[in-house]
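Novice: Data file structure16.cif (mmCIF, C-alpha atoms (C1' of nucleotides)) is appended below.
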data_run
#
loop_
_atom_site.label_atom_id
_atom_site.label_comp_id
_atom_site.auth_asym_id
_atom_site.auth_seq_id
_atom_site.Cartn_x
_atom_site.Cartn_y
_atom_site.Cartn_z
CA MET A 481 103.19 80.54 109.60
CA THR A 482 106.72 80.55 108.30
CA ARG A 483 106.42 77.02 106.91
CA ARG A 484 103.23 77.86 105.06
CA ALA A 485 104.68 81.09 103.71
CA ARG A 486 107.73 79.27 102.33
CA LYS A 487 105.55 76.56 100.79
CA ILE A 488 103.50 79.24 99.05
CA TYR A 489 106.66 81.00 97.93
CA TRP A 490 108.28 77.92 96.40
CA THR A 491 105.05 76.86 94.72
CA LEU A 492 104.78 80.28 93.09
CA VAL A 493 108.43 80.13 92.00
CA GLU A 494 107.63 76.91 90.16
CA ARG A 495 104.44 78.37 88.73
CA TYR A 496 106.10 81.47 87.34
CA PRO A 497 109.53 80.37 86.11
CA ASP A 498 109.77 83.55 84.04
CA ALA A 499 109.27 85.85 87.03
CA ARG A 500 111.84 88.64 86.81
CA CYS A 501 112.23 92.35 86.30
CA GLU A 502 110.84 92.98 82.85
CA LEU A 503 112.33 96.42 82.35
CA ASP A 504 115.17 96.55 79.82
CA PHE A 505 118.29 98.14 81.25
CA GLU A 506 122.06 97.95 81.01
CA ASN A 507 123.03 99.97 84.06
CA PRO A 508 121.51 101.25 87.33
CA LEU A 509 120.64 104.65 85.87
CA GLN A 510 118.63 103.10 83.06
CA LEU A 511 116.78 100.83 85.46
CA LEU A 512 116.10 103.74 87.79
CA VAL A 513 114.70 105.85 84.95
CA ALA A 514 112.63 102.97 83.57
CA THR A 515 111.24 102.20 87.01
CA VAL A 516 110.28 105.81 87.67
CA MET A 517 108.42 105.75 84.35
CA SER A 518 106.68 102.47 85.14
CA ALA A 519 104.23 103.88 87.69
CA GLN A 520 100.65 103.04 86.78
CA THR A 521 101.52 101.57 83.42
CA THR A 522 102.89 98.29 82.08
CA ASP A 523 106.51 97.27 81.60
CA VAL A 524 105.76 96.55 77.96
CA ARG A 525 104.73 100.14 77.48
CA VAL A 526 107.82 101.47 79.25
CA ASN A 527 110.08 99.27 77.14
CA LEU A 528 108.49 100.82 74.08
CA VAL A 529 109.85 104.28 74.87
CA THR A 530 113.11 103.58 76.68
CA PRO A 531 115.27 102.89 73.59
CA ALA A 532 114.75 106.46 72.38
CA VAL A 533 115.11 107.90 75.88
CA PHE A 534 118.32 105.99 76.62
CA ALA A 535 119.78 106.98 73.25
CA ARG A 536 119.08 110.64 73.92
CA TYR A 537 119.98 110.76 77.62
CA ARG A 538 123.00 108.79 78.78
CA THR A 539 124.07 110.43 82.03
CA ALA A 540 122.40 111.90 85.08
CA GLY A 541 123.47 115.30 83.81
CA ASP A 542 121.65 114.66 80.54
CA TYR A 543 118.39 114.27 82.45
CA ALA A 544 119.13 117.32 84.57
CA GLY A 545 119.56 119.40 81.45
CA ALA A 546 116.78 117.80 79.46
CA ASP A 547 114.35 119.89 77.44
CA ARG A 548 111.11 119.40 79.31
CA THR A 549 108.86 119.38 76.27
CA GLU A 550 111.08 116.98 74.39
CA LEU A 551 111.25 114.49 77.25
CA GLU A 552 107.50 114.81 77.89
CA THR A 553 106.81 113.96 74.28
CA MET A 554 109.06 110.91 74.38
CA ILE A 555 107.42 109.38 77.45
CA GLN A 556 103.89 110.64 76.88
CA SER A 557 102.46 107.20 76.15
CA THR A 558 103.41 105.93 79.61
CA GLY A 559 100.93 108.26 81.30
CA PHE A 560 101.55 110.73 84.15
CA TYR A 561 104.12 112.11 81.77
CA ARG A 562 104.35 115.63 83.21
CA ALA A 563 104.96 114.41 86.75
CA LYS A 564 107.40 111.77 85.51
CA THR A 565 109.32 114.25 83.37
CA ASP A 566 109.52 116.62 86.31
CA SER A 567 110.79 113.78 88.49
CA LEU A 568 113.41 112.68 85.96
CA ILE A 569 114.83 116.18 85.53
CA LYS A 570 115.01 116.77 89.28
CA LEU A 571 116.30 113.24 89.74
CA GLY A 572 119.17 113.86 87.34
CA ALA A 573 120.03 117.10 89.11
CA ALA A 574 119.97 115.42 92.52
CA LEU A 575 122.24 112.61 91.32
CA VAL A 576 124.74 115.13 89.99
CA ALA A 577 124.56 117.39 93.01
CA ARG A 578 124.67 114.77 95.74
CA PHE A 579 126.01 111.50 94.34
CA GLY A 580 128.59 112.47 91.72
CA GLY A 581 126.19 111.56 88.93
CA GLU A 582 126.05 107.93 90.04
CA VAL A 583 123.05 105.97 91.30
CA PRO A 584 123.63 105.32 95.01
CA PRO A 585 123.36 101.61 95.92
CA ARG A 586 121.74 102.30 99.27
CA LEU A 587 118.05 102.36 100.18
CA ASN A 588 118.36 105.38 102.47
CA ASP A 589 119.96 107.39 99.67
CA LEU A 590 117.66 106.21 96.89
CA VAL A 591 114.45 107.15 98.69
CA THR A 592 115.63 110.74 99.06
CA LEU A 593 115.69 111.13 95.27
CA PRO A 594 112.79 112.96 93.56
CA GLY A 595 110.22 110.54 92.18
CA VAL A 596 111.83 107.57 93.91
CA GLY A 597 109.78 105.88 96.60
CA ARG A 598 110.50 102.75 98.55
CA LYS A 599 109.12 100.45 95.87
CA THR A 600 111.23 101.95 93.10
CA ALA A 601 114.30 102.00 95.33
CA ASN A 602 114.00 98.31 96.11
CA VAL A 603 113.51 97.42 92.44
CA VAL A 604 116.81 99.16 91.63
CA LEU A 605 118.60 97.59 94.60
CA GLY A 606 117.39 94.10 93.81
CA ASN A 607 117.83 94.09 90.06
CA ALA A 608 120.75 96.45 89.39
CA PHE A 609 122.83 95.97 92.55
CA GLY A 610 121.91 92.47 93.67
CA VAL A 611 120.84 93.72 97.08
CA PRO A 612 117.86 91.70 98.38
CA GLY A 613 114.78 93.89 98.70
CA ILE A 614 111.03 93.46 99.03
CA THR A 615 109.09 95.63 96.59
CA VAL A 616 105.67 96.25 98.07
CA ASP A 617 103.38 97.37 95.29
CA THR A 618 99.59 97.03 95.27
CA HIS A 619 99.77 93.37 94.23
CA PHE A 620 102.32 92.44 96.86
CA GLY A 621 100.38 94.17 99.62
CA ARG A 622 97.10 92.56 98.63
CA LEU A 623 98.57 89.04 98.49
CA ALA A 624 100.47 89.45 101.75
CA ARG A 625 97.12 90.23 103.33
CA ARG A 626 95.23 87.42 101.58
CA PHE A 627 97.87 84.95 102.67
CA ALA A 628 97.50 86.39 106.18
CA TRP A 629 101.23 87.08 106.31
CA THR A 630 100.24 90.46 107.71
CA GLN A 631 97.19 92.71 107.85
CA GLU A 632 99.24 95.89 107.76
CA LYS A 633 98.86 98.33 104.89
CA ASP A 634 101.90 100.46 105.56
CA PRO A 635 104.48 99.14 103.03
CA VAL A 636 107.31 99.33 105.56
CA LYS A 637 105.38 97.20 108.05
CA VAL A 638 104.48 94.76 105.27
CA GLU A 639 108.16 94.50 104.35
CA HIS A 640 109.16 93.73 107.90
CA ALA A 641 106.40 91.20 108.46
CA VAL A 642 107.04 89.31 105.23
CA GLY A 643 110.79 89.65 105.53
CA ALA A 644 110.61 87.70 108.76
CA LEU A 645 108.93 84.77 106.98
CA ILE A 646 111.08 84.44 103.86
CA PRO A 647 114.90 84.21 103.75
CA LYS A 648 116.56 87.45 102.73
CA LYS A 649 118.25 85.92 99.70
CA ASP A 650 114.79 85.20 98.27
CA TRP A 651 113.28 88.67 98.77
CA THR A 652 113.81 89.88 95.23
CA MET A 653 112.40 86.73 93.64
CA LEU A 654 109.56 86.73 96.17
CA SER A 655 108.64 90.21 95.00
CA HIS A 656 108.59 89.12 91.40
CA VAL A 657 106.55 85.97 91.88
CA LEU A 658 103.97 87.69 94.11
CA ILE A 659 103.57 90.47 91.59
CA PHE A 660 103.25 87.94 88.75
CA HIS A 661 100.68 86.01 90.74
CA GLY A 662 98.76 89.18 91.50
CA ARG A 663 98.66 90.16 87.85
CA ARG A 664 98.05 86.80 86.28
CA THR A 665 95.91 84.91 88.77
CA CYS A 666 95.09 86.56 92.11
CA HIS A 667 93.54 89.75 90.74
CA SER A 668 92.11 92.36 93.08
CA ARG A 669 88.46 92.07 92.03
CA ARG A 670 88.13 88.58 90.57
CA PRO A 671 90.89 86.25 91.67
CA ALA A 672 91.07 83.06 89.59
CA CYS A 673 91.03 80.75 92.57
CA GLY A 674 90.11 77.78 90.40
CA ALA A 675 93.50 78.04 88.72
CA CYS A 676 95.50 79.09 91.75
CA PRO A 677 98.38 76.77 92.64
CA VAL A 678 98.37 77.87 96.28
CA ALA A 679 94.61 77.90 96.92
CA SER A 680 94.94 74.97 99.33
CA TRP A 681 97.15 77.08 101.60
CA CYS A 682 95.26 80.34 101.13
CA PRO A 683 93.37 81.53 104.24
CA SER A 684 91.23 83.77 102.02
CA TYR A 685 90.01 81.00 99.77
CA GLY A 686 86.21 81.08 99.65
CA ASP A 687 85.90 83.99 102.04
CA GLY A 688 83.52 85.90 99.82
CA GLU A 689 86.06 88.30 98.46
CA THR A 690 87.20 85.56 96.15
CA ASP A 691 84.95 84.03 93.52
CA PRO A 692 86.38 80.68 92.48
CA VAL A 693 83.77 79.63 89.93
CA LYS A 694 83.39 82.81 87.93
CA ALA A 695 87.04 83.76 88.25
CA THR A 696 88.08 80.52 86.61
CA GLN A 697 86.11 81.47 83.54
CA LEU A 698 88.11 84.66 83.22
CA LEU A 699 91.41 82.87 83.18
CA LYS A 700 93.61 83.88 80.27
CA TYR A 701 96.59 81.72 81.08
CA GLU A 702 96.96 77.99 80.90
CA LEU A 703 97.26 77.14 84.55
CA THR A 704 96.31 73.84 86.03
CA PRO A 705 93.35 74.08 88.43
CA VAL A 706 94.20 72.93 91.93
CA GLN A 707 91.50 71.72 94.27
CA PRO A 708 92.03 72.68 97.89
"C1'" DA B 390 84.10 101.25 83.56
"C1'" DT B 391 88.37 99.46 85.50
"C1'" DC B 392 93.04 98.54 85.93
"C1'" DC B 393 98.07 99.09 85.31
"C1'" DC B 394 104.84 96.17 89.32
"C1'" DG B 395 103.66 104.64 92.43
"C1'" DA B 396 104.94 109.04 94.43
"C1'" DG B 397 104.02 113.37 96.44
"C1'" DG B 398 101.26 116.34 98.73
"C1'" DG B 399 97.26 117.87 101.77
"C1'" DC C 248 93.52 108.88 105.65
"C1'" DC C 249 92.51 111.38 101.22
"C1'" DC C 250 93.54 113.31 96.51
"C1'" DT C 251 95.98 114.14 91.98
"C1'" DC C 252 98.62 112.94 88.09
"C1'" DT C 253 97.60 110.33 82.66
"C1'" DG C 254 97.51 107.21 78.51
"C1'" DG C 255 96.40 102.79 76.85
"C1'" DA C 256 94.41 98.12 76.98
"C1'" DT C 257 90.53 95.24 77.94
#
Would you mind writing the structure in this file as structure tokens?
Specialist:
Amino acid sequence: MTRRARKIYWTLVERYPDARCELDFENPLQLLVATVMSAQTTDVRVNLVTPAVFARYRTAGDYAGADRTELETMIQSTGFYRAKTDSLIKLGAALVARFGGEVPPRLNDLVTLPGVGRKTANVVLGNAFGVPGITVDTHFGRLARRFAWTQEKDPVKVEHAVGALIPKKDWTMLSHVLIFHGRRTCHSRRPACGACPVASWCPSYGDGETDPVKATQLLKYELTPVQP
DNA sequence: ATCCCGAGGG
DNA sequence: CCCTCTGGAT
């Protein structure tokens, strides 16, 4: 179990050498804001609006005192913009009120912030503070189940199960490569098994949910097919 | 139509 | 467990 998991992990690391956090940021606050905005949209789209947002709002207090309409307009193209604006304003206020305007480098503190769930918290910990964290998004959860690392759906249980298989120092990179793999190859509906570098170790290969032949035809990236 | 590196609320 | 929030790309 552990051996297979690590083999899959290292193979994916080689397959996605560019796997990393793709949100532009210079400090924890910027990453936190960008990550809150990234829900149900793409990093490319978030990076399109953050320059203007970061120029206008530089401190937690700036977000707390933001003009709602102005901020909504700036982040409108990222979707869910009313909920996100609401979160960012409350988030700024909470940072000022409870953490001296700084982003707390602890999971238990981060998840108490408005608009910050466990996934967002671990992104900030891993990429702004260098604290190893597993970010269980929809891709990560799906792949953890396909690889039979766990059948749990509760993100916390998934974290614990996978964390026991992969060394802690690799948790952040593991999150990135699984998410890359989920987006670029092992899609939810039509996984491109014909181009999957870990198909030979995948317990779900050919189980009916996957569609190797047709999925291969949908491949948009130049990946070398691997026969199991 | 379906999906996107979610979170909060019922 | 369910639902809602939203624009943009494919």
Novice: Do you know which residues are at most 12 Å from Val529 in chain A counting all atoms listed in the file, after dropping those on the same chain fewer than 2 positions away, and could you put them as JSON, numbers by chain?
Specialist: {"A": [503, 504, 513, 514, 517, 518, 522, 523, 524, 525, 526, 527, 531, 532, 533, 534, 535, 536, 551, 552, 553, 554, 555, 556, 557, 558, 559, 561]}
Novice: State, in Å with one decimal place, the distance from CA of Thr652 in chain A to CA of Gly610 in chain A.
Specialist: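 Taking CA of Thr652 in chain A as the start and CA of Gly610 in chain A as the end point, the length is 8.6 Å.
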Novice: Running the PyMOL selection byres ((chain A) within 9 of (chain B)) on this model by hand, what would come out? Give it as a list in words.
Specialist: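 After applying the PyMOL selection byres ((chain A) within 9 of (chain B)), what remains is Cys501, Val516, Ser518, Ala519, Gln520, Thr521, Thr522, Asp523, Pro594, Gly595, Val596, Gly597, Lys599, Thr600, Thr615, Val616, Asp617, Thr618, His619, Phe620, His656, Ile659, Phe660 and Arg663 of chain A.
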Novice: Would you mind reading off the distance between CA of Phe560 in chain A and C1' of DC252 in chain C, one decimal, in Å?
Specialist: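 Between CA of Phe560 in chain A and C1' of DC252 in chain C the gap works out to 5.4 Å.
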Novice: For the contact check between chain C and chain A, emit one row per residue of chain C within 10 Å, containing the shortest atom pair and the distance in Å rounded to one decimal, counting only C-alpha atoms (C1' of nucleotides), chain then rising number order, as JSON lines.
Specialist:
{"residue": "C:DC252", "atom": "C1'", "partner": "A:Phe560", "partner_atom": "CA", "distance": 5.4}
{"residue": "C:DT253", "atom": "C1'", "partner": "A:Gly559", "partner_atom": "CA", "distance": 4.2}
{"residue": "C:DG254", "atom": "C1'", "partner": "A:Gly559", "partner_atom": "CA", "distance": 4.5}
{"residue": "C:DG255", "atom": "C1'", "partner": "A:Ser557", "partner_atom": "CA", "distance": 7.5}
{"residue": "C:DA256", "atom": "C1'", "partner": "A:Thr522", "partner_atom": "CA", "distance": 9.9}
Novice: Could you give me the axis-aligned bounding box of range 251-256 of chain C, with 8 Å of padding per side, as centre plus edge lengths in Å to one decimal, as AutoDock Vina command-line options?
Specialist:
--center_x 96.5 --center_y 106.1 --center_z 84.4 --size_x 20.2 --size_y 32.0 --size_z 31.1
Novice: Provide the CA of Phe579 in chain A to CA of Leu512 in chain A distance in Å, to one decimal place.
Specialist: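 Computing the Euclidean distance for CA of Phe579 in chain A and CA of Leu512 in chain A yields 14.2 Å.
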Novice: Check what the PyMOL selection byres ((chain A and resi 497) around 12) selects in the file above and give those residues as a PyMOL selection string.
Specialist: chain A and resi 490-496+498-500+653-654+656-657+660-661
Novice: Once the PyMOL selection byres ((chain A and resi 546) around 10) has been applied to the shown file, what residues remain in the selection, as a list of chain:residue names?
Specialist: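 Matching residues under the PyMOL selection byres ((chain A and resi 546) around 10) are A:Arg536, A:Tyr537, A:Ala540, A:Gly541, A:Asp542, A:Tyr543, A:Ala544, A:Gly545, A:Asp547, A:Arg548, A:Thr549, A:Glu550, A:Leu551, A:Glu552, A:Thr565, A:Leu568, A:Ile569, A:Gly572.
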Novice: Could you list, as a PyMOL selection string, every residue within 10 Å of Ile488 in chain A, counting only C-alpha atoms (C1' of nucleotides) and ignoring same-chain residues fewer than 6 positions away?
Specialist: chain A and resi 482+627+658+677-682
